[in-house]
Every structure is written in C-alpha cells, then in structure tokens.
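Asks: One file is attached below, entry_19.cif, containing mmCIF, C-alpha atoms.
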data_coords
loop_
_atom_site.label_atom_id
_atom_site.label_comp_id
_atom_site.auth_asym_id
_atom_site.auth_seq_id
_atom_site.Cartn_x
_atom_site.Cartn_y
_atom_site.Cartn_z
CA MET A 735 0.12 -15.75 21.80
CA ARG A 736 -3.46 -16.99 21.95
CA LEU A 737 -2.61 -19.24 24.90
CA SER A 738 -0.67 -16.59 26.82
CA PRO A 739 -3.59 -15.82 29.26
CA VAL A 740 -3.74 -19.54 30.16
CA ILE A 741 0.05 -19.70 30.56
CA LEU A 742 -0.04 -16.58 32.74
CA THR A 743 -2.74 -18.14 34.93
CA VAL A 744 -0.75 -21.34 35.38
CA VAL A 745 2.46 -19.44 36.17
CA ILE A 746 0.78 -17.19 38.77
CA ALA A 747 -1.02 -20.14 40.41
CA GLY A 748 2.21 -22.16 40.49
CA LEU A 749 4.18 -19.31 42.05
CA ALA A 750 1.41 -18.66 44.58
CA TYR A 751 1.46 -22.31 45.62
CA ALA A 752 5.26 -22.69 45.66
CA THR A 753 6.18 -19.49 47.52
CA PRO A 754 5.50 -18.36 51.09
CA PRO A 755 2.07 -16.78 51.68
CA GLU A 756 3.68 -13.43 52.51
CA VAL A 757 4.77 -13.00 48.88
CA ALA A 758 1.10 -13.18 47.80
CA PHE A 759 1.55 -13.96 44.10
CA SER A 760 -2.16 -14.81 44.09
CA ARG A 761 -2.98 -11.10 43.94
CA LEU A 762 -1.74 -11.13 40.34
CA LEU A 763 -4.52 -13.46 39.15
CA PRO A 764 -6.74 -10.57 37.87
CA ALA A 765 -4.05 -9.92 35.24
CA ALA A 766 -5.01 -13.10 33.35
CA PRO A 767 -8.58 -12.07 32.33
CA ALA A 768 -7.28 -8.57 31.61
CA LEU A 769 -4.79 -10.04 29.13
CA ALA A 770 -7.45 -12.34 27.66
CA ALA A 771 -9.62 -9.33 26.76
CA ALA A 772 -6.97 -8.23 24.23
CA MET A 773 -7.21 -11.42 22.16
CA TRP A 774 -10.18 -13.56 23.20
CA PRO A 775 -13.97 -13.29 22.67
CA VAL A 776 -16.22 -12.40 25.60
CA LEU A 777 -17.23 -15.90 26.74
CA PRO A 778 -13.70 -17.40 27.00
CA THR A 779 -12.61 -14.26 28.86
CA VAL A 780 -15.39 -14.69 31.41
CA LEU A 781 -14.62 -18.40 31.77
CA LEU A 782 -10.96 -17.66 32.44
CA GLY A 783 -12.02 -15.15 35.10
CA ALA A 784 -14.16 -17.85 36.72
CA VAL A 785 -11.19 -20.25 36.69
CA CYS A 786 -9.02 -17.61 38.35
CA LEU A 787 -11.69 -17.09 40.99
CA LEU A 788 -11.84 -20.83 41.71
CA LEU A 789 -8.05 -20.98 41.89
CA MET A 790 -8.06 -18.15 44.41
CA ILE A 791 -10.61 -19.95 46.55
CA GLY A 792 -8.57 -23.14 46.34
CA LEU A 793 -5.37 -21.31 47.36
CA SER A 794 -7.17 -19.79 50.34
CA LEU A 795 -7.95 -23.30 51.58
CA VAL A 796 -4.25 -24.22 51.40
CA PHE A 797 -2.98 -20.87 52.75
CA PRO A 798 -5.48 -19.22 55.08
CA GLY A 799 -5.11 -15.47 55.52
CA LEU A 800 -4.30 -14.61 51.88
CA GLY A 801 -6.88 -11.84 51.74
CA THR A 802 -9.09 -14.03 49.65
CA TRP A 803 -12.14 -11.83 49.51
CA TRP A 804 -10.24 -8.71 48.41
CA THR A 805 -8.47 -10.61 45.66
CA ALA A 806 -11.69 -12.39 44.66
CA ALA A 807 -13.47 -9.04 44.39
CA GLY A 808 -10.59 -7.80 42.21
CA ILE A 809 -10.87 -10.83 39.95
CA ILE A 810 -14.63 -10.31 39.54
CA ALA A 811 -14.25 -6.57 38.82
CA VAL A 812 -11.43 -7.08 36.32
CA THR A 813 -13.31 -9.93 34.59
CA VAL A 814 -16.41 -7.76 34.11
CA ALA A 815 -14.29 -4.91 32.73
CA ALA A 816 -12.34 -7.36 30.54
CA ALA A 817 -15.56 -8.83 29.11
CA TYR A 818 -16.76 -5.35 28.18
CA GLY A 819 -13.39 -4.49 26.68
CA SER A 820 -13.43 -7.69 24.63
CA HIS A 821 -16.89 -6.83 23.34
CA VAL A 822 -15.80 -3.31 22.28
CA ARG A 823 -12.65 -4.68 20.62
CA LEU A 824 -14.63 -7.20 18.58
CA GLN A 825 -17.03 -4.48 17.42
CA ARG A 826 -14.12 -2.33 16.26
CA GLU A 827 -12.50 -5.26 14.50
CA ARG A 828 -15.75 -5.92 12.61
CA THR A 829 -15.92 -2.24 11.63
CA LEU A 830 -12.31 -2.26 10.44
CA PHE A 831 -12.98 -5.42 8.44
CA GLN A 832 -15.91 -3.74 6.68
CA VAL A 833 -13.80 -0.65 5.98
CA ARG A 834 -11.12 -2.83 4.43
CA LEU A 835 -13.70 -4.57 2.26
CA VAL A 836 -14.84 -1.17 0.99
CA ALA A 837 -11.23 -0.11 0.41
CA ASP A 838 -10.55 -3.31 -1.51
CA ALA A 839 -13.62 -2.67 -3.68
CA ALA A 840 -12.45 0.90 -4.31
CA GLN A 841 -9.01 -0.36 -5.22
CA GLN A 842 -10.51 -2.77 -7.74
CA VAL A 843 -12.24 0.21 -9.39
CA VAL A 844 -9.17 2.47 -9.46
CA LEU A 845 -6.51 -0.22 -9.95
CA SER A 846 -8.26 -3.06 -11.73
CA PRO A 847 -6.35 -6.33 -12.19
CA MET A 848 -4.52 -6.51 -15.50
CA PRO A 849 -2.92 -9.26 -17.55
CA ARG A 850 0.82 -9.71 -17.16
CA ARG A 851 1.32 -9.79 -20.90
CA PHE A 852 -0.05 -7.75 -23.82
CA GLY A 853 1.16 -9.43 -26.97
CA GLY A 854 4.93 -9.09 -26.93
CA VAL A 855 4.95 -6.73 -23.96
CA GLU A 856 5.37 -8.16 -20.46
CA ILE A 857 4.14 -5.95 -17.60
CA GLU A 858 4.02 -6.24 -13.80
CA SER A 859 2.58 -3.79 -11.26
CA LEU A 860 3.31 -2.90 -7.63
CA TYR A 861 1.15 -0.86 -5.27
CA LEU A 862 1.73 0.01 -1.61
CA ALA A 863 -0.42 2.53 0.25
CA ALA A 864 1.13 4.66 2.98
CA ALA A 865 -2.21 4.52 4.81
CA ALA A 866 -1.96 0.79 5.43
CA GLU A 867 -5.35 0.62 7.12
CA ALA A 868 -7.04 2.06 4.03
CA ARG A 869 -4.93 -0.05 1.62
CA ILE A 870 -5.40 2.50 -1.12
CA GLY A 871 -4.15 6.01 -1.80
CA GLY A 872 -3.63 8.67 -4.45
CA ASP A 873 -1.19 6.84 -6.72
CA PHE A 874 -2.66 5.21 -9.81
CA TYR A 875 -1.76 3.26 -12.94
CA GLU A 876 -3.46 1.58 -15.87
CA VAL A 877 -2.46 -0.38 -18.98
CA VAL A 878 -4.60 -0.93 -22.08
CA ASP A 879 -3.92 -2.64 -25.39
CA THR A 880 -5.26 -0.48 -28.25
CA ARG A 881 -5.01 -0.42 -32.03
CA TYR A 882 -2.31 2.25 -31.62
CA GLY A 883 -0.21 0.09 -29.33
CA VAL A 884 0.03 -0.73 -25.64
CA ARG A 885 -0.62 2.43 -23.66
CA LEU A 886 0.38 2.90 -20.05
CA LEU A 887 -0.53 5.48 -17.45
CA ILE A 888 1.03 6.08 -14.06
CA GLY A 889 0.51 9.08 -11.83
CA ASP A 890 0.18 10.58 -8.39
CA VAL A 891 -2.56 12.83 -7.03
CA ARG A 892 -1.35 15.42 -4.55
CA GLY A 893 -2.11 14.05 -1.09
CA LYS A 894 -2.57 10.49 0.10
CA GLY A 895 -5.16 8.19 1.61
CA LEU A 896 -8.87 8.12 0.85
CA PRO A 897 -9.30 11.87 0.07
CA ALA A 898 -7.18 11.40 -3.07
CA VAL A 899 -8.93 8.24 -4.29
CA GLY A 900 -11.80 10.04 -6.05
CA ALA A 901 -9.45 12.25 -8.06
CA ALA A 902 -7.35 9.23 -9.04
CA ALA A 903 -10.46 7.31 -10.10
CA ALA A 904 -11.62 10.20 -12.32
CA ILE A 905 -8.26 10.26 -14.12
CA VAL A 906 -7.99 6.49 -14.55
CA ASN A 907 -11.56 6.14 -15.83
CA SER A 908 -10.96 8.93 -18.33
CA PHE A 909 -7.78 7.21 -19.53
CA ARG A 910 -9.61 3.92 -20.04
CA GLU A 911 -11.90 5.62 -22.55
CA ALA A 912 -9.50 8.11 -24.14
CA ALA A 913 -6.72 5.57 -24.73
CA TYR A 914 -8.99 3.64 -27.12
CA ASP A 915 -10.54 6.67 -28.81
CA GLU A 916 -7.68 9.12 -29.37
CA ALA A 917 -5.07 8.57 -32.04
CA ASP A 918 -2.32 10.52 -30.27
CA MET A 919 -1.28 10.86 -26.65
CA VAL A 920 -1.60 14.66 -26.64
CA SER A 921 -5.35 14.26 -27.06
CA VAL A 922 -5.37 11.62 -24.32
CA ALA A 923 -3.53 13.99 -21.97
CA ARG A 924 -5.99 16.80 -22.69
CA ARG A 925 -8.92 14.54 -21.85
CA LEU A 926 -7.26 13.50 -18.60
CA ASP A 927 -6.72 17.14 -17.70
CA ALA A 928 -10.35 17.97 -18.51
CA SER A 929 -11.61 15.09 -16.35
CA SER A 930 -9.37 16.14 -13.47
CA THR A 931 -10.56 19.74 -13.76
CA ARG A 932 -14.23 18.72 -13.79
CA TYR A 933 -13.79 16.46 -10.77
CA ASN A 934 -12.02 19.15 -8.75
CA ALA A 935 -14.71 21.66 -9.65
CA ALA A 936 -17.40 19.27 -8.42
CA PHE A 937 -15.45 18.19 -5.32
CA PRO A 938 -13.13 21.06 -4.39
CA PRO A 939 -10.16 20.17 -2.17
CA GLU A 940 -10.06 21.20 1.45
CA GLY A 941 -7.78 24.13 2.11
CA PRO A 942 -6.24 26.71 -0.25
CA MET A 943 -3.99 24.31 -2.19
CA GLU A 944 -5.16 23.10 -5.58
CA ARG A 945 -5.52 19.36 -6.10
CA PHE A 946 -3.33 18.43 -9.06
CA ALA A 947 -1.72 15.25 -10.31
CA THR A 948 1.48 14.27 -12.04
CA ALA A 949 1.11 11.74 -14.82
CA LEU A 950 3.24 9.78 -17.24
CA LEU A 951 1.79 8.45 -20.51
CA VAL A 952 3.69 5.78 -22.43
CA GLU A 953 2.85 4.25 -25.81
CA ILE A 954 4.55 1.12 -27.14
CA PRO A 955 3.50 0.76 -30.80
CA HIS A 956 2.94 -2.78 -32.02
CA GLY A 957 5.97 -4.26 -33.76
CA SER A 958 8.13 -1.21 -33.12
CA GLY A 959 11.47 -0.87 -31.38
CA ARG A 960 10.59 2.46 -29.81
CA ILE A 961 8.42 4.00 -27.12
CA GLU A 962 6.72 7.37 -26.94
CA ILE A 963 6.49 9.20 -23.61
CA LEU A 964 4.46 12.22 -22.56
CA ASN A 965 5.54 13.44 -19.13
CA CYS A 966 3.23 15.72 -17.11
CA GLY A 967 5.56 16.62 -14.27
CA HIS A 968 6.18 13.00 -13.24
CA PRO A 969 9.51 11.37 -12.24
CA PRO A 970 11.22 10.14 -15.42
CA PRO A 971 11.12 6.40 -16.08
CA LEU A 972 14.32 4.36 -15.94
CA LEU A 973 15.43 2.22 -18.87
CA LEU A 974 17.89 -0.61 -18.24
CA ASN A 975 19.61 -1.75 -21.43
CA ARG A 976 22.27 -4.46 -21.10
CA GLY A 977 23.50 -3.13 -17.76
CA GLU A 978 23.36 0.54 -18.78
CA LEU A 979 20.80 2.73 -17.07
CA ARG A 980 19.17 5.77 -18.61
CA ALA A 981 16.64 8.18 -17.15
CA LEU A 982 14.19 9.11 -19.92
CA GLU A 983 13.92 12.82 -19.21
CA PRO A 984 11.41 14.91 -21.19
CA SER A 985 12.82 17.43 -23.66
CA THR A 986 10.12 19.91 -22.57
CA PRO A 987 7.95 19.39 -19.46
CA SER A 988 4.21 19.13 -20.05
CA PRO A 989 1.72 20.69 -17.61
CA LEU A 990 0.49 18.75 -14.60
CA LEU A 991 -3.11 17.57 -14.71
CA ASN A 992 -5.58 20.26 -13.58
CA LEU A 993 -3.00 23.01 -14.25
CA ALA A 994 -3.17 23.26 -18.05
CA GLU A 995 -5.57 26.23 -17.90
CA LEU A 996 -3.11 28.12 -15.71
CA ILE A 997 0.17 27.41 -17.50
CA GLY A 998 -1.00 26.40 -20.98
CA ASP A 999 -1.76 23.04 -22.58
CA HIS A 1000 1.50 22.62 -24.48
CA TYR A 1001 2.32 18.93 -24.50
CA THR A 1002 5.49 17.28 -25.77
CA ILE A 1003 5.98 13.65 -26.83
CA ASP A 1004 9.50 12.21 -26.69
CA THR A 1005 10.57 9.07 -28.56
CA PHE A 1006 13.16 6.60 -27.24
CA ASP A 1007 14.58 3.28 -28.46
CA PHE A 1008 13.12 0.21 -26.75
CA ALA A 1009 14.72 -3.08 -27.74
CA PRO A 1010 13.72 -6.64 -26.81
CA GLY A 1011 15.08 -7.51 -23.39
CA ASP A 1012 15.14 -3.90 -22.16
CA LEU A 1013 13.56 -3.24 -18.77
CA LEU A 1014 11.52 -0.09 -18.27
CA LEU A 1015 10.59 1.02 -14.75
CA LEU A 1016 7.77 3.52 -14.24
CA TYR A 1017 7.31 4.68 -10.66
CA THR A 1018 5.81 7.36 -8.44
CA ASP A 1019 7.84 9.65 -6.21
CA GLY A 1020 7.08 7.50 -3.18
CA VAL A 1021 9.64 5.00 -4.51
CA ALA A 1022 12.54 7.43 -4.97
CA GLU A 1023 11.65 9.31 -1.77
CA ALA A 1024 11.36 6.32 0.57
CA ARG A 1025 13.51 7.24 3.55
CA ALA A 1026 15.79 5.34 5.87
CA ARG A 1027 15.82 6.22 9.55
CA ASP A 1028 18.75 8.59 8.97
CA GLY A 1029 16.64 10.54 6.45
CA GLY A 1030 18.44 9.34 3.32
CA PHE A 1031 16.41 8.64 0.18
CA PHE A 1032 16.23 5.21 -1.42
CA PRO A 1033 19.03 5.08 -4.08
CA LEU A 1034 16.74 3.98 -6.89
CA ALA A 1035 19.12 4.59 -9.80
CA ALA A 1036 22.00 2.75 -8.11
CA TRP A 1037 19.64 -0.06 -7.12
CA MET A 1038 18.37 -0.37 -10.69
CA ARG A 1039 21.90 -0.57 -12.10
CA ARG A 1040 22.63 -3.58 -9.90
CA GLN A 1041 19.65 -5.57 -11.18
CA PRO A 1042 20.40 -8.48 -13.52
CA PRO A 1043 18.28 -9.11 -16.64
CA THR A 1044 15.12 -10.38 -15.06
CA PRO A 1045 11.38 -10.62 -15.76
CA PRO A 1046 9.25 -7.67 -14.54
CA HIS A 1047 7.67 -9.78 -11.81
CA GLU A 1048 11.04 -10.60 -10.25
CA LEU A 1049 12.20 -6.99 -10.57
CA LEU A 1050 9.22 -5.61 -8.64
CA THR A 1051 9.40 -8.40 -6.07
CA ALA A 1052 12.98 -7.34 -5.35
CA LEU A 1053 11.99 -3.65 -5.32
CA HIS A 1054 9.17 -4.34 -2.86
CA ARG A 1055 11.48 -6.28 -0.56
CA ASP A 1056 14.31 -3.74 -0.66
CA LEU A 1057 12.03 -0.73 -0.18
CA LEU A 1058 10.53 -2.21 2.98
CA ARG A 1059 13.96 -3.23 4.22
CA TYR A 1060 15.44 0.22 3.53
CA SER A 1061 12.58 2.12 5.20
CA LYS A 1062 12.21 -0.42 8.04
CA GLY A 1063 8.62 -1.00 6.92
CA ARG A 1064 7.61 2.66 7.37
CA LEU A 1065 6.38 4.33 4.18
CA ASP A 1066 5.76 8.08 4.18
CA ASP A 1067 4.00 8.13 0.82
CA ASP A 1068 2.02 5.85 -1.46
CA ILE A 1069 4.06 3.75 -3.87
CA ALA A 1070 3.16 2.57 -7.36
CA ALA A 1071 5.40 1.06 -10.01
CA LEU A 1072 5.14 -0.64 -13.39
CA ALA A 1073 7.91 -2.80 -14.83
CA VAL A 1074 7.82 -3.35 -18.60
CA ARG A 1075 9.86 -5.63 -20.83
CA LEU A 1076 9.67 -6.12 -24.56
CA CYS A 1077 9.91 -9.85 -25.11
CA GLU A 1078 12.27 -11.46 -27.57
CA PRO A 1079 10.56 -12.61 -30.79
CA SER A 1080 11.07 -16.27 -29.81
CA GLU A 1081 9.35 -15.86 -26.42
#
Let's see the structure in the file written out as structure tokens.

Replies:
Amino acid sequence: MRLSPVILTVVIAGLAYATPPEVAFSRLLPAAPALAAAMWPVLPTVLLGAVCLLLMIGLSLVFPGLGTWWTAAGIIAVTVAAAYGSHVRLQRERTLFQVRLVADAAQQVVLSPMPRRFGGVEIESLYLAAAAEARIGGDFYEVVDTRYGVRLLIGDVRGKGLPAVGAAAAIVNSFREAAYDEADMVSVARRLDASSTRYNAAFPPEGPMERFATALLVEIPHGSGRIEILNCGHPPPLLLNRGELRALEPSTPSPLLNLAELIGDHYTIDTFDFAPGDLLLLYTDGVAEARARDGGFFPLAAWMRRQPPTPPHELLTALHRDLLRYSKGRLDDDIAALAVRLCEPSE
C-alpha cells in the first residue's frame, strides 16, 4: 500500500511508452501525486510529483505532440494541492493521536488494570467501546478484594461515548471507597446512588432525559461456596455449572442508580451457590444486544451453554471473537464483561 503511488507511476509511464501517442496515457500521471497525498508526508509527495514531471518531459521527447505543457501544468497543480492535502492530513492524524492518548488516560482512571486473580477467585475483563475513535464509553466495571470478600461492580450509564465517561468515573470511584468501608452491599449501593445523584446535579445531562445507570454488585465471601448479588436494573449474570446454565435473576429488582429518590431505595440481596469450577459471566446489555446484519440479537445464553469448562481469559477471548464475527465488526453499543471462576482448592 505504501508503494502504490510508485507502482501507479511506473504503470502509467510504461503504458504511455508502449501504446500509440493517440491513447495519451501520460495524461494520467497527475494521479500518482494525488494518491501519494493520502499516505505519504509532504516531501516525498512533492518529489514524486517532480519525478512525474520529468517523466512527462522525457515522454514528450520520444513522442512529440503529446500536449506536454498542458499535462505538465496539471502535474504541477495536482502536486501543489497534494502537498497541502498531505500537510492537513498529518495535522489531523497528530490531533487524533493526542485525543487517543487522552482517551487512554481516561480509561485508565475509569477502568484501571486489575490482577487476574484475587486469592482463590480468577477474574478476566473485556471492554469494547462503540465509539472506536474514543476507545472509551459509558460501561464500567471494577473489582476489589476486601475483608468482606471479593466485590465486583459492573454497570452501564445511559448513553455512550465521552459524555457518559464522567458519570461512570463518579460511580467507579465511589465504589472503590465504599467497597472497603461498608460491611454490606446495600450500603455500598446507596453510596453509589448518592455519588451518581451528586454528579448529575453538578453536570446535568443535555436534553430532558435523566442520566441514570444500571449496576450489578457481586460479593464472593472468602472461603464460601456462595455469592451475593444486588441487581440495580442490570442484565442478570449467567452461571455455568457443569454444562448447565442459569440466569441469576433478582427476586426483587433494586432501583437504578440516580433513581432511588424517585422510586425508593429498597435494595434486595440474593444469594446463590457458587462452587469451584463454576463460571460466572457478568456483562452489559451491549453484549446481549449485539446485532447481526439481519437485526437478530447475539444468542448469548445459547453461546454460553456451548462453552467448555475453560479459564475466564479463554472464555472472554472467545466471546470477543464471536461478538465481532456475529456483528461483522459493527458494535451499536459499548460492551463490558467480567468472567469469574472459583478455583479448585488444589489450584
């Protein structure tokens, strides 16, 4: 691809030399510097234009009457325009690079790197932003190891892209403090709701719709064969136990974050068995709602049933691959997922 302007120049010059003068392939020479502007810096683009000009002059010596001066003027004009276009493109690429650096820094704040193992709990994460240029969106997750057990958070702020990042950061930062301080997850959820409410009051959303977030809180007590889940309007996690799949639905839905004042702060914690070797998948709605070109949703439950007993890293690698394959690489929403496995005592 980088050599295509040179190849185009050689092809045009060869055709111009090998065909009758009436065909006038030489008039296509301005296309070479125009193509170079899309992938080369300014100086190489100008040099290629000069080479094309010299080739045109050389062809005019072999075939008089080619309209040399008109074609030469075209080469000069296109080369000047191509040099300017190359300059503008490079400036925009530098700007995009800086924006991506900022987005990467923001992602490190919202989604900080985490260990793959917390004691006997093995965890892997996956994040894909729908706004690929920004590389970050409104989905969030966090895992902390506390004296009460390993606590996990996953959620989704309404909206996507950079406008939702601030709200996600407020929730995640609140969880990082509350998860260590609060003895029960109801208190953690109330602190997350308070942080979300304060942030939205300070930075109100554009338009009439309220900015809210779904969230799922999970606690895996140390040395226990159970998990506790508090679901604030989030898609239920999937538990794969020896080939049998179960959706861990809440007995009573808890309020979404930033809506507790409107519908009441009545939170419910559900307890489920969690044995060594079980695989737990936490995900945002972007996973289950990934669409094929015919509009069909990704069959997450059926996909999960087909998965063999595997480490969390391999599970999310397969999920990443199959999601992109199913949607043909086009994601309509941000995607976040956590895969959790309780290790065997011998591991």

Asks: Expanded to explicit residues, what is the PyMOL selection byres ((chain A and resi 811) around 12) for this file, as a PyMOL selection string?

Replies: chain A and resi 763-765+767-768+780+783-784+787+804-810+812-818

Asks: So how far away is CA of Arg1025 (chain A) from CA of Leu991 (chain A), in Å?

Replies: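 Going from CA of Leu991 (chain A) over to CA of Arg1025 (chain A), I get 26.8 Å.
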
Asks: Using the chain letters and numbers from this file, what does the PyMOL selection byres ((chain A and resi 979) around 10) select? Give the answer as a ChimeraX atom specification.

Replies: /A:972-978,980-982,1013-1014,1035-1036,1038-1040

Asks: Would you mind telling me which residue in A:Leu1016, A:Val757, A:Val855, A:Leu990 lies nearest to Ile888 (chain A) when using all atoms listed in the file?

Replies: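 Closest to Ile888 (chain A) of all the choices is A:Leu1016.
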
Asks: Between CA of Ser859 (chain A) and CA of Ala1071 (chain A), what is the distance, to one decimal in Å?

Replies: 5.7 Å
